[in-house]
Structures are given as structure tokens and as C-alpha cells.
file run.csv (CSV, C-alpha atoms)
chain,number,residue,atom,x,y,z
C,799,MET,CA,103.3,79.5,108.4
C,800,ARG,CA,99.7,80.5,109.3
C,801,VAL,CA,99.3,81.7,112.9
C,802,TRP,CA,95.6,82.4,112.6
C,803,ASP,CA,93.4,79.4,112.1
C,804,GLY,CA,89.8,80.4,111.8
C,805,ALA,CA,87.7,83.5,112.4
C,806,SER,CA,87.5,83.6,116.1
C,807,PRO,CA,90.2,84.7,118.7
C,808,SER,CA,89.6,81.4,120.6
C,809,SER,CA,91.0,79.5,117.6
C,810,PHE,CA,94.3,81.4,117.6
C,811,GLY,CA,97.0,78.9,116.9
C,812,TYR,CA,99.1,79.4,120.1
C,813,SER,CA,101.3,76.4,119.6
C,814,ALA,CA,102.1,77.5,116.0
C,815,ILE,CA,103.7,80.8,117.1
C,816,GLU,CA,107.5,80.6,116.9
C,817,GLN,CA,109.9,83.0,118.4
C,818,ASP,CA,110.7,84.6,115.0
C,819,MET,CA,107.0,85.5,114.7
C,820,ALA,CA,107.1,87.7,117.8
C,821,PRO,CA,107.3,91.0,115.7
C,822,PHE,CA,103.9,90.1,114.1
C,823,ILE,CA,102.2,90.2,117.5
C,824,GLN,CA,102.6,94.0,117.8
C,825,PRO,CA,99.8,95.0,115.4
C,826,PHE,CA,97.5,92.6,117.2
C,827,LEU,CA,98.4,93.9,120.6
C,828,GLU,CA,96.3,97.1,120.6
C,829,PRO,CA,93.0,95.5,119.8
C,830,LEU,CA,93.8,92.7,122.2
C,831,LEU,CA,94.4,95.2,125.1
C,832,HIS,CA,91.3,97.0,124.1
C,833,ALA,CA,89.3,93.8,124.4
C,834,ILE,CA,90.8,93.1,127.8
C,835,GLN,CA,89.4,96.5,128.9
C,836,SER,CA,85.9,95.5,127.9
C,837,THR,CA,84.8,94.6,131.4
C,838,GLU,CA,81.1,94.8,130.6
C,839,ASP,CA,81.4,92.1,127.9
C,840,SER,CA,82.3,89.0,129.9
C,841,GLN,CA,82.6,86.8,126.8
C,842,LEU,CA,84.9,89.1,124.9
C,843,TYR,CA,87.0,89.7,128.0
C,844,SER,CA,87.4,86.0,128.7
C,845,VAL,CA,88.4,85.2,125.2
C,846,ALA,CA,90.9,88.1,125.2
C,847,VAL,CA,92.5,87.0,128.5
C,848,GLY,CA,92.7,83.5,127.1
C,849,VAL,CA,94.4,84.7,123.9
C,850,ALA,CA,96.9,86.8,126.0
C,851,GLY,CA,97.7,83.8,128.1
C,852,GLY,CA,98.2,81.7,124.9
C,853,ILE,CA,100.6,84.2,123.5
C,854,CYS,CA,102.7,84.3,126.6
C,855,ARG,CA,102.9,80.5,126.8
C,856,ALA,CA,103.9,80.3,123.2
C,857,LEU,CA,106.5,83.1,123.2
C,858,GLY,CA,108.1,82.1,126.5
C,859,GLU,CA,110.7,84.6,127.6
C,860,HIS,CA,110.0,86.7,124.5
C,861,ALA,CA,106.6,87.6,126.1
C,862,GLN,CA,108.5,90.0,128.4
C,863,ALA,CA,108.1,92.6,125.7
C,864,TYR,CA,104.3,92.5,126.2
C,865,ALA,CA,104.1,91.8,129.9
C,866,GLN,CA,103.9,95.4,131.1
C,867,GLY,CA,100.9,96.1,128.8
C,868,PHE,CA,99.1,92.9,129.8
C,869,MET,CA,99.7,93.2,133.5
C,870,SER,CA,98.9,96.9,133.8
C,871,THR,CA,95.6,96.4,131.9
C,872,LEU,CA,94.6,93.5,134.0
C,873,PHE,CA,95.4,95.2,137.3
C,874,ASN,CA,93.2,98.1,136.2
C,875,THR,CA,90.3,95.9,135.1
C,876,LEU,CA,90.3,93.9,138.2
C,877,GLN,CA,89.2,97.0,140.1
C,878,SER,CA,86.2,97.4,137.8
C,879,GLN,CA,82.8,97.1,139.4
C,880,THR,CA,81.4,95.8,136.1
C,881,LEU,CA,83.8,92.8,135.7
C,882,ASN,CA,82.0,89.5,136.2
C,883,ARG,CA,83.3,87.7,139.2
C,884,GLN,CA,83.7,84.4,137.4
C,885,VAL,CA,86.0,86.1,134.9
C,886,LYS,CA,88.3,87.2,137.7
C,887,ILE,CA,89.3,83.6,138.1
C,888,LEU,CA,90.7,83.6,134.6
C,889,VAL,CA,92.8,86.7,135.4
C,890,LEU,CA,94.3,85.0,138.4
C,891,SER,CA,95.3,82.0,136.3
C,892,PHE,CA,96.8,84.3,133.7
C,893,PHE,CA,99.2,85.7,136.4
C,894,GLY,CA,100.7,82.2,136.7
C,895,ASP,CA,100.8,81.8,132.9
C,896,ILE,CA,102.8,85.0,132.4
C,897,ALA,CA,105.1,84.3,135.3
C,898,PHE,CA,105.9,80.8,133.9
C,899,ALA,CA,106.6,82.4,130.5
C,900,ILE,CA,109.0,85.2,131.5
C,901,SER,CA,110.5,83.4,134.6
C,902,SER,CA,112.8,85.8,136.5
C,903,GLY,CA,111.4,88.7,134.5
C,904,PHE,CA,108.2,88.5,136.6
C,905,VAL,CA,110.1,89.9,139.6
C,906,SER,CA,109.1,93.5,138.6
C,907,PHE,CA,105.4,92.5,138.8
C,908,LEU,CA,105.7,90.4,141.9
C,909,GLU,CA,104.7,92.9,144.6
C,910,PRO,CA,101.4,94.1,143.0
C,911,THR,CA,100.5,90.6,142.0
C,912,MET,CA,101.0,89.1,145.4
C,913,ASN,CA,99.0,91.9,146.9
C,914,VAL,CA,96.2,91.2,144.6
C,915,LEU,CA,96.3,87.5,145.3
C,916,LYS,CA,96.3,88.1,149.1
C,917,GLN,CA,93.3,90.4,148.8
C,918,ALA,CA,91.6,87.8,146.7
C,919,GLY,CA,92.4,85.0,149.2
C,920,ASP,CA,90.9,87.1,152.0
C,921,VAL,CA,87.5,87.0,150.4
C,922,THR,CA,85.1,84.8,152.4
C,923,ALA,CA,81.5,83.6,151.9
C,924,ASP,CA,78.5,83.2,154.2
C,925,GLU,CA,78.2,79.4,154.7
C,926,ASN,CA,74.5,79.7,153.9
C,927,ASP,CA,75.1,81.3,150.5
C,928,PHE,CA,75.9,78.2,148.6
C,929,ASP,CA,76.5,80.0,145.3
C,930,MET,CA,79.1,82.1,146.9
C,931,VAL,CA,80.7,79.2,148.7
C,932,ASP,CA,81.1,77.4,145.3
C,933,TYR,CA,82.5,80.6,143.8
C,934,ILE,CA,85.1,81.0,146.6
C,935,GLN,CA,86.3,77.5,146.0
C,936,SER,CA,86.8,78.2,142.3
C,937,PHE,CA,88.4,81.5,143.2
C,938,ARG,CA,90.9,79.9,145.5
C,939,GLU,CA,91.7,77.3,142.8
C,940,GLY,CA,92.7,80.3,140.6
C,941,ILE,CA,94.7,81.9,143.3
C,942,ILE,CA,96.6,78.7,144.1
C,943,GLU,CA,97.2,78.0,140.4
C,944,ALA,CA,98.7,81.5,140.2
C,945,TYR,CA,101.0,80.9,143.2
C,946,VAL,CA,102.1,77.6,141.6
C,947,GLY,CA,103.0,79.3,138.4
C,948,ILE,CA,104.8,82.2,140.1
C,949,ILE,CA,106.8,80.0,142.5
C,950,THR,CA,107.8,77.5,139.8
C,951,ALA,CA,108.8,80.3,137.4
C,952,LEU,CA,110.9,82.2,139.9
C,953,LYS,CA,112.6,79.1,141.2
C,954,ALA,CA,113.6,78.2,137.7
C,955,GLY,CA,114.9,81.7,137.2
C,956,GLY,CA,116.9,81.5,140.4
C,957,LYS,CA,114.8,84.1,142.1
C,958,ALA,CA,112.8,82.0,144.6
C,959,ASP,CA,114.1,84.1,147.5
C,960,VAL,CA,112.0,87.1,146.4
C,961,VAL,CA,108.8,85.1,147.3
C,962,LEU,CA,109.9,84.4,150.9
C,963,PRO,CA,108.3,87.6,152.4
C,964,TYR,CA,104.9,86.4,151.0
C,965,VAL,CA,105.2,82.8,152.3
C,966,PRO,CA,103.2,83.6,155.5
C,967,SER,CA,100.2,84.9,153.6
C,968,ILE,CA,100.4,81.9,151.2
C,969,PHE,CA,100.4,79.4,154.1
C,970,ASP,CA,97.5,81.4,155.7
C,971,LEU,CA,95.4,80.8,152.6
C,972,LEU,CA,96.5,77.1,152.4
C,973,HIS,CA,95.6,76.6,156.1
C,974,ARG,CA,92.1,78.2,155.7
C,975,THR,CA,91.5,76.2,152.5
C,976,LEU,CA,92.6,72.8,153.8
C,977,ILE,CA,90.6,73.0,157.0
C,978,ASP,CA,87.5,74.4,155.3
C,979,GLU,CA,84.7,71.9,155.6
C,980,ASP,CA,83.2,73.1,152.4
C,981,ARG,CA,86.4,72.2,150.6
C,982,THR,CA,85.5,68.5,150.8
C,983,GLU,CA,83.2,69.2,147.8
C,984,SER,CA,86.2,70.2,145.7
C,985,LEU,CA,88.9,67.4,145.5
C,986,ARG,CA,90.8,69.5,143.0
C,987,LEU,CA,91.2,72.4,145.4
C,988,GLY,CA,92.6,70.0,148.0
C,989,LYS,CA,95.0,68.5,145.5
C,990,LEU,CA,96.1,72.0,144.3
C,991,GLY,CA,96.7,73.0,147.9
C,992,VAL,CA,98.9,70.0,148.7
C,993,GLY,CA,100.7,70.4,145.4
C,994,LEU,CA,101.5,74.0,146.3
C,995,ILE,CA,103.0,72.9,149.6
C,996,GLY,CA,105.2,70.5,147.7
C,997,ASP,CA,106.3,73.2,145.4
C,998,LEU,CA,107.2,75.5,148.3
C,999,ALA,CA,109.2,72.7,150.0
C,1000,ASP,CA,111.0,72.0,146.7
C,1001,ALA,CA,111.8,75.7,146.2
C,1002,TYR,CA,113.2,76.2,149.7
C,1003,ARG,CA,115.2,73.1,150.4
C,1004,ASN,CA,117.6,74.7,152.9
C,1005,GLY,CA,115.0,75.1,155.7
C,1006,GLU,CA,113.9,78.6,154.9
C,1007,ILE,CA,110.2,77.7,155.5
C,1008,ARG,CA,110.7,74.8,157.9
C,1009,ASP,CA,108.7,76.3,160.7
C,1010,ALA,CA,105.8,77.2,158.4
C,1011,LEU,CA,105.8,73.6,156.9
C,1012,LEU,CA,105.7,72.0,160.4
C,1013,GLN,CA,102.8,74.2,161.4
C,1014,GLU,CA,100.9,73.3,158.3

call {"tool": "encode", "arguments": {"input": "run.csv", "output": "C-alpha cells"}}
result
Amino acid sequence: MRVWDGASPSSFGYSAIEQDMAPFIQPFLEPLLHAIQSTEDSQLYSVAVGVAGGICRALGEHAQAYAQGFMSTLFNTLQSQTLNRQVKILVLSFFGDIAFAISSGFVSFLEPTMNVLKQAGDVTADENDFDMVDYIQSFREGIIEAYVGIITALKAGGKADVVLPYVPSIFDLLHRTLIDEDRTESLRLGKLGVGLIGDLADAYRNGEIRDALLQE
């Protein structure tokens, strides 16, 4: 079976990777992590993050073996002053991808990830800076997508309870997002927000977040 179809990383045959091919990922890992550290080259960085996400989705729980390397590298590069802000949205979405892949195995990365997502959610824009307003909407889409992936994955792995301490900050972001007048320009953002509320309600059916839902 051929797992590389073409000359560019973006053509990597994610769906063709089978579990028994996992050992062949290892030689590819070092250059991939190196590419993810290339914060000054936005195109290379974006492709590398996309490839990493594809690997995780394809390998499922077997991606646990590579999770530490991916997460540590991404946490470090997010702090870079040279990383293009648009690329950061891809990183946030990747958090959801890897959580969905490794399910309960994501617990060890939960605290730093949720801290990053909260900090990202606290970013605001001057209402007169239209470019920044648009960026914040896209940024929040990435954050909410990450939350959806994390909550869905941990619920499936029987670990939804570990997210409970972070529910207030999640609802704070949802509240600010759904009442934001600028959000009317982004129907997708509104749908994502409502969908996340539904995911939370489904994850905590015994009333754990009843008060937060009623306030929302």
C-alpha cells in the first residue's frame, strides 16, 4: 500500500494509513516536527500542522504515541512572536483533532490546552478595526471547534468530568460570542456556539451544568 501520493505534504494520503502502518510514521516524525517549528514560514507551518492533524485522525488511538511531541511543539510555537496570527487558528483546530483521535488519552494535555484556549478566547478587538474584528471571529471559530473536539472525545472516553472545572470559562466565551453584534456577520460562528452548548448538555445529562445552561 502506498501512503504517499504525490510530491507535496498536502497530498499525504491520510485515509490510506492503516493501524499496521504506524511504525512507518516514526522516520517521518522528526522532519515533521521540525517543520512545525518553522514559525517564520507560514505556508510550511500550515501544511505541517495539517499533516499532523491528518496523521492523528487516521491513526486514532494509536496517535497517542506521537501526541506528546506534537502538543509540546505546538505549545512552544504558539508563544512565538513570528507566528502568523492566521496560522494560530489551525493550531487551535488541531487540538480538537488530536483529542478526538486519542480520546481519554487527552486528559494529560487538558490543563495546558484549556489554559491556551481561555487566553485565546480573552483576545478582543477594537470595533473600529474591521480586519481584527474579522480575525477574532475566525479565531473564536477555531477555539469553539477545539472545545467541541475535546468535549466529544472525553465524553466518549468516559472522562467528561475532567472538563467540568473549565465549563465556566467556556460559557463565558459562548456568552460573549453569542451577544456580540459583530457575530451577525458570521452565521457559522453562531451555529458552532449553539452546537457547543448542545454538546455540553449532552455530556452532562445529570444536571451538572444546569445553572450555567439556564443563564445562557

call {"tool": "closest_atom_pairs", "arguments": {"input": "run.csv", "of": "range 832-913 of chain C", "to": "range 923-947 of chain C", "cutoff": "7 Å", "atoms": "all atoms listed in the file", "output": "JSON lines"}}
result
{"residue": "C:Ile887", "atom": "CA", "partner": "C:Gly940", "partner_atom": "CA", "distance": 5.4}
{"residue": "C:Leu890", "atom": "CA", "partner": "C:Gly940", "partner_atom": "CA", "distance": 5.4}
{"residue": "C:Ser891", "atom": "CA", "partner": "C:Ala944", "partner_atom": "CA", "distance": 5.2}
{"residue": "C:Phe893", "atom": "CA", "partner": "C:Ala944", "partner_atom": "CA", "distance": 5.7}
{"residue": "C:Gly894", "atom": "CA", "partner": "C:Gly947", "partner_atom": "CA", "distance": 4.1}
{"residue": "C:Asp895", "atom": "CA", "partner": "C:Gly947", "partner_atom": "CA", "distance": 6.4}
{"residue": "C:Ala897", "atom": "CA", "partner": "C:Gly947", "partner_atom": "CA", "distance": 6.2}
{"residue": "C:Phe898", "atom": "CA", "partner": "C:Gly947", "partner_atom": "CA", "distance": 5.6}

call {"tool": "atom_distance", "arguments": {"input": "run.csv", "atom1": "CA of Ala899 in chain C", "atom2": "CA of Gly858 in chain C"}}
result
4.3 Å

call {"tool": "atom_distance", "arguments": {"input": "run.csv", "atom1": "CA of Ala865 in chain C", "atom2": "CA of Ile896 in chain C"}}
result
7.4 Å

call {"tool": "atom_distance", "arguments": {"input": "run.csv", "atom1": "CA of Val885 in chain C", "atom2": "CA of Gln841 in chain C"}}
result
8.8 Å

call {"tool": "closest_residue", "arguments": {"input": "run.csv", "among": "C:Pro825, C:Gly903, C:Gly851, C:Gly867", "to": "Ala954 in chain C", "atoms": "only C-alpha atoms"}}
result
C:Gly903

call {"tool": "closest_residue", "arguments": {"input": "run.csv", "among": "C:Ile834, C:Leu857, C:Val905, C:Leu842", "to": "Thr875 in chain C", "atoms": "all atoms listed in the file"}}
result
C:Ile834

call {"tool": "residues_near_point", "arguments": {"input": "run.csv", "point": "(90.4, 90.2, 142.7)", "cutoff": "9 Å", "atoms": "all atoms listed in the file", "output": "compact mmCIF listing (two decimals) with C-alpha atoms, keeping the file's coordinate frame"}}
result
# COMPACT_ATOMS: atom_id res chain seq x y z
CA PHE C 873 95.40 95.20 137.30
CA LEU C 876 90.30 93.90 138.20
CA GLN C 877 89.20 97.00 140.10
CA ARG C 883 83.30 87.70 139.20
CA LYS C 886 88.30 87.20 137.70
CA ILE C 887 89.30 83.60 138.10
CA VAL C 889 92.80 86.70 135.40
CA LEU C 890 94.30 85.00 138.40
CA VAL C 914 96.20 91.20 144.60
CA LEU C 915 96.30 87.50 145.30
CA LYS C 916 96.30 88.10 149.10
CA GLN C 917 93.30 90.40 148.80
CA ALA C 918 91.60 87.80 146.70
CA GLY C 919 92.40 85.00 149.20
CA VAL C 921 87.50 87.00 150.40
CA PHE C 937 88.40 81.50 143.20

call {"tool": "closest_atom_pairs", "arguments": {"input": "run.csv", "of": "range 866-971 of chain C", "to": "range 843-847 of chain C", "cutoff": "9 Å", "atoms": "all atoms listed in the file", "output": "Markdown table"}}
result
| residue | atom | partner | partner_atom | distance |
| --- | --- | --- | --- | --- |
| C:Phe868 | CA | C:Val847 | CA | 8.9 |
| C:Leu872 | CA | C:Val847 | CA | 8.8 |
| C:Leu881 | CA | C:Tyr843 | CA | 8.9 |
| C:Val885 | CA | C:Ser844 | CA | 6.4 |
| C:Leu888 | CA | C:Ser844 | CA | 7.2 |
| C:Val889 | CA | C:Val847 | CA | 6.9 |
| C:Phe892 | CA | C:Val847 | CA | 7.3 |

call {"tool": "closest_residue", "arguments": {"input": "run.csv", "among": "C:Ile900, C:Thr837, C:Asn874, C:Ile977", "to": "Ile853 in chain C", "atoms": "only C-alpha atoms"}}
result
C:Ile900

call {"tool": "residues_near_point", "arguments": {"input": "run.csv", "point": "(96.4, 69.8, 150.1)", "cutoff": "12 Å", "atoms": "only C-alpha atoms", "output": "MDAnalysis selection string"}}
result
chainID C and resid 939 942 969 971:978 981:982 984:997 1014

call {"tool": "decode", "arguments": {"input": "run.csv", "residues": "range 984-1013 of chain C", "atoms": "N, CA, C and O atoms", "output": "PDB file, in the first residue's frame"}}
result
ATOM      1  N   SER C 984     -21.149  36.397  10.924  1.00  0.00           N
ATOM      2  CA  SER C 984     -20.646  35.031  10.829  1.00  0.00           C
ATOM      3  C   SER C 984     -21.706  34.045  11.327  1.00  0.00           C
ATOM      4  O   SER C 984     -21.786  33.748  12.511  1.00  0.00           O
ATOM      5  N   LEU C 985     -22.525  33.532  10.412  1.00  0.00           N
ATOM      6  CA  LEU C 985     -23.551  32.565  10.782  1.00  0.00           C
ATOM      7  C   LEU C 985     -22.909  31.280  11.288  1.00  0.00           C
ATOM      8  O   LEU C 985     -23.435  30.618  12.181  1.00  0.00           O
ATOM      9  N   ARG C 986     -21.763  30.926  10.717  1.00  0.00           N
ATOM     10  CA  ARG C 986     -21.093  29.695  11.128  1.00  0.00           C
ATOM     11  C   ARG C 986     -20.675  29.766  12.586  1.00  0.00           C
ATOM     12  O   ARG C 986     -20.797  28.785  13.331  1.00  0.00           O
ATOM     13  N   LEU C 987     -20.179  30.920  13.012  1.00  0.00           N
ATOM     14  CA  LEU C 987     -19.760  31.075  14.395  1.00  0.00           C
ATOM     15  C   LEU C 987     -20.944  30.882  15.333  1.00  0.00           C
ATOM     16  O   LEU C 987     -20.830  30.219  16.370  1.00  0.00           O
ATOM     17  N   GLY C 988     -22.099  31.446  14.973  1.00  0.00           N
ATOM     18  CA  GLY C 988     -23.289  31.275  15.794  1.00  0.00           C
ATOM     19  C   GLY C 988     -23.714  29.815  15.872  1.00  0.00           C
ATOM     20  O   GLY C 988     -24.057  29.308  16.947  1.00  0.00           O
ATOM     21  N   LYS C 989     -23.673  29.115  14.740  1.00  0.00           N
ATOM     22  CA  LYS C 989     -24.044  27.699  14.719  1.00  0.00           C
ATOM     23  C   LYS C 989     -23.086  26.866  15.558  1.00  0.00           C
ATOM     24  O   LYS C 989     -23.500  25.946  16.273  1.00  0.00           O
ATOM     25  N   LEU C 990     -21.787  27.193  15.467  1.00  0.00           N
ATOM     26  CA  LEU C 990     -20.798  26.465  16.268  1.00  0.00           C
ATOM     27  C   LEU C 990     -21.058  26.667  17.752  1.00  0.00           C
ATOM     28  O   LEU C 990     -20.960  25.727  18.549  1.00  0.00           O
ATOM     29  N   GLY C 991     -21.380  27.911  18.129  1.00  0.00           N
ATOM     30  CA  GLY C 991     -21.642  28.212  19.532  1.00  0.00           C
ATOM     31  C   GLY C 991     -22.842  27.451  20.066  1.00  0.00           C
ATOM     32  O   GLY C 991     -22.787  26.846  21.146  1.00  0.00           O
ATOM     33  N   VAL C 992     -23.924  27.453  19.308  1.00  0.00           N
ATOM     34  CA  VAL C 992     -25.129  26.725  19.719  1.00  0.00           C
ATOM     35  C   VAL C 992     -24.848  25.226  19.753  1.00  0.00           C
ATOM     36  O   VAL C 992     -25.302  24.508  20.655  1.00  0.00           O
ATOM     37  N   GLY C 993     -24.079  24.748  18.786  1.00  0.00           N
ATOM     38  CA  GLY C 993     -23.732  23.335  18.763  1.00  0.00           C
ATOM     39  C   GLY C 993     -22.914  22.926  19.979  1.00  0.00           C
ATOM     40  O   GLY C 993     -23.112  21.832  20.535  1.00  0.00           O
ATOM     41  N   LEU C 994     -21.994  23.800  20.406  1.00  0.00           N
ATOM     42  CA  LEU C 994     -21.185  23.505  21.591  1.00  0.00           C
ATOM     43  C   LEU C 994     -22.061  23.431  22.837  1.00  0.00           C
ATOM     44  O   LEU C 994     -21.849  22.567  23.700  1.00  0.00           O
ATOM     45  N   ILE C 995     -23.042  24.316  22.940  1.00  0.00           N
ATOM     46  CA  ILE C 995     -23.969  24.257  24.073  1.00  0.00           C
ATOM     47  C   ILE C 995     -24.692  22.909  24.087  1.00  0.00           C
ATOM     48  O   ILE C 995     -24.860  22.278  25.137  1.00  0.00           O
ATOM     49  N   GLY C 996     -25.112  22.454  22.905  1.00  0.00           N
ATOM     50  CA  GLY C 996     -25.765  21.153  22.809  1.00  0.00           C
ATOM     51  C   GLY C 996     -24.835  20.014  23.218  1.00  0.00           C
ATOM     52  O   GLY C 996     -25.250  19.077  23.910  1.00  0.00           O
ATOM     53  N   ASP C 997     -23.572  20.105  22.825  1.00  0.00           N
ATOM     54  CA  ASP C 997     -22.591  19.075  23.195  1.00  0.00           C
ATOM     55  C   ASP C 997     -22.384  19.043  24.709  1.00  0.00           C
ATOM     56  O   ASP C 997     -22.255  17.965  25.308  1.00  0.00           O
ATOM     57  N   LEU C 998     -22.337  20.215  25.317  1.00  0.00           N
ATOM     58  CA  LEU C 998     -22.167  20.287  26.769  1.00  0.00           C
ATOM     59  C   LEU C 998     -23.381  19.682  27.481  1.00  0.00           C
ATOM     60  O   LEU C 998     -23.238  18.927  28.450  1.00  0.00           O
ATOM     61  N   ALA C 999     -24.568  20.032  27.005  1.00  0.00           N
ATOM     62  CA  ALA C 999     -25.784  19.494  27.616  1.00  0.00           C
ATOM     63  C   ALA C 999     -25.829  17.974  27.493  1.00  0.00           C
ATOM     64  O   ALA C 999     -26.268  17.273  28.411  1.00  0.00           O
ATOM     65  N   ASP C1000     -25.358  17.453  26.359  1.00  0.00           N
ATOM     66  CA  ASP C1000     -25.356  16.008  26.141  1.00  0.00           C
ATOM     67  C   ASP C1000     -24.310  15.317  27.017  1.00  0.00           C
ATOM     68  O   ASP C1000     -24.528  14.193  27.486  1.00  0.00           O
ATOM     69  N   ALA C1001     -23.199  15.998  27.264  1.00  0.00           N
ATOM     70  CA  ALA C1001     -22.124  15.406  28.066  1.00  0.00           C
ATOM     71  C   ALA C1001     -22.474  15.359  29.548  1.00  0.00           C
ATOM     72  O   ALA C1001     -21.999  14.488  30.284  1.00  0.00           O
ATOM     73  N   TYR C1002     -23.311  16.308  29.988  1.00  0.00           N
ATOM     74  CA  TYR C1002     -23.647  16.398  31.414  1.00  0.00           C
ATOM     75  C   TYR C1002     -25.165  16.338  31.580  1.00  0.00           C
ATOM     76  O   TYR C1002     -25.834  17.344  31.807  1.00  0.00           O
ATOM     77  N   ARG C1003     -25.686  15.125  31.454  1.00  0.00           N
ATOM     78  CA  ARG C1003     -27.137  14.940  31.470  1.00  0.00           C
ATOM     79  C   ARG C1003     -27.724  14.861  32.868  1.00  0.00           C
ATOM     80  O   ARG C1003     -28.948  14.798  33.021  1.00  0.00           O
ATOM     81  N   ASN C1004     -26.882  14.854  33.887  1.00  0.00           N
ATOM     82  CA  ASN C1004     -27.376  14.706  35.258  1.00  0.00           C
ATOM     83  C   ASN C1004     -27.466  16.041  35.999  1.00  0.00           C
ATOM     84  O   ASN C1004     -27.492  16.065  37.228  1.00  0.00           O
ATOM     85  N   GLY C1005     -27.493  17.123  35.236  1.00  0.00           N
ATOM     86  CA  GLY C1005     -27.691  18.431  35.846  1.00  0.00           C
ATOM     87  C   GLY C1005     -26.435  19.106  36.346  1.00  0.00           C
ATOM     88  O   GLY C1005     -26.520  20.131  37.037  1.00  0.00           O
ATOM     89  N   GLU C1006     -25.252  18.587  35.989  1.00  0.00           N
ATOM     90  CA  GLU C1006     -24.006  19.175  36.494  1.00  0.00           C
ATOM     91  C   GLU C1006     -23.824  20.632  36.062  1.00  0.00           C
ATOM     92  O   GLU C1006     -23.217  21.420  36.775  1.00  0.00           O
ATOM     93  N   ILE C1007     -24.354  20.980  34.898  1.00  0.00           N
ATOM     94  CA  ILE C1007     -24.163  22.351  34.412  1.00  0.00           C
ATOM     95  C   ILE C1007     -25.511  23.042  34.205  1.00  0.00           C
ATOM     96  O   ILE C1007     -25.629  23.966  33.409  1.00  0.00           O
ATOM     97  N   ARG C1008     -26.515  22.591  34.949  1.00  0.00           N
ATOM     98  CA  ARG C1008     -27.870  23.126  34.782  1.00  0.00           C
ATOM     99  C   ARG C1008     -27.920  24.633  34.964  1.00  0.00           C
ATOM    100  O   ARG C1008     -28.528  25.355  34.170  1.00  0.00           O
ATOM    101  N   ASP C1009     -27.288  25.142  36.011  1.00  0.00           N
ATOM    102  CA  ASP C1009     -27.330  26.579  36.275  1.00  0.00           C
ATOM    103  C   ASP C1009     -26.682  27.383  35.153  1.00  0.00           C
ATOM    104  O   ASP C1009     -27.215  28.436  34.739  1.00  0.00           O
ATOM    105  N   ALA C1010     -25.565  26.879  34.658  1.00  0.00           N
ATOM    106  CA  ALA C1010     -24.880  27.580  33.575  1.00  0.00           C
ATOM    107  C   ALA C1010     -25.734  27.593  32.299  1.00  0.00           C
ATOM    108  O   ALA C1010     -25.793  28.596  31.598  1.00  0.00           O
ATOM    109  N   LEU C1011     -26.421  26.491  32.041  1.00  0.00           N
ATOM    110  CA  LEU C1011     -27.282  26.426  30.859  1.00  0.00           C
ATOM    111  C   LEU C1011     -28.459  27.393  30.980  1.00  0.00           C
ATOM    112  O   LEU C1011     -28.837  28.050  30.001  1.00  0.00           O
ATOM    113  N   LEU C1012     -29.035  27.486  32.162  1.00  0.00           N
ATOM    114  CA  LEU C1012     -30.179  28.383  32.353  1.00  0.00           C
ATOM    115  C   LEU C1012     -29.762  29.834  32.198  1.00  0.00           C
ATOM    116  O   LEU C1012     -30.508  30.661  31.651  1.00  0.00           O
ATOM    117  N   GLN C1013     -28.568  30.169  32.652  1.00  0.00           N
ATOM    118  CA  GLN C1013     -28.074  31.531  32.499  1.00  0.00           C
ATOM    119  C   GLN C1013     -27.835  31.856  31.048  1.00  0.00           C
ATOM    120  O   GLN C1013     -28.070  32.984  30.580  1.00  0.00           O
TER     121      GLN C1013
END
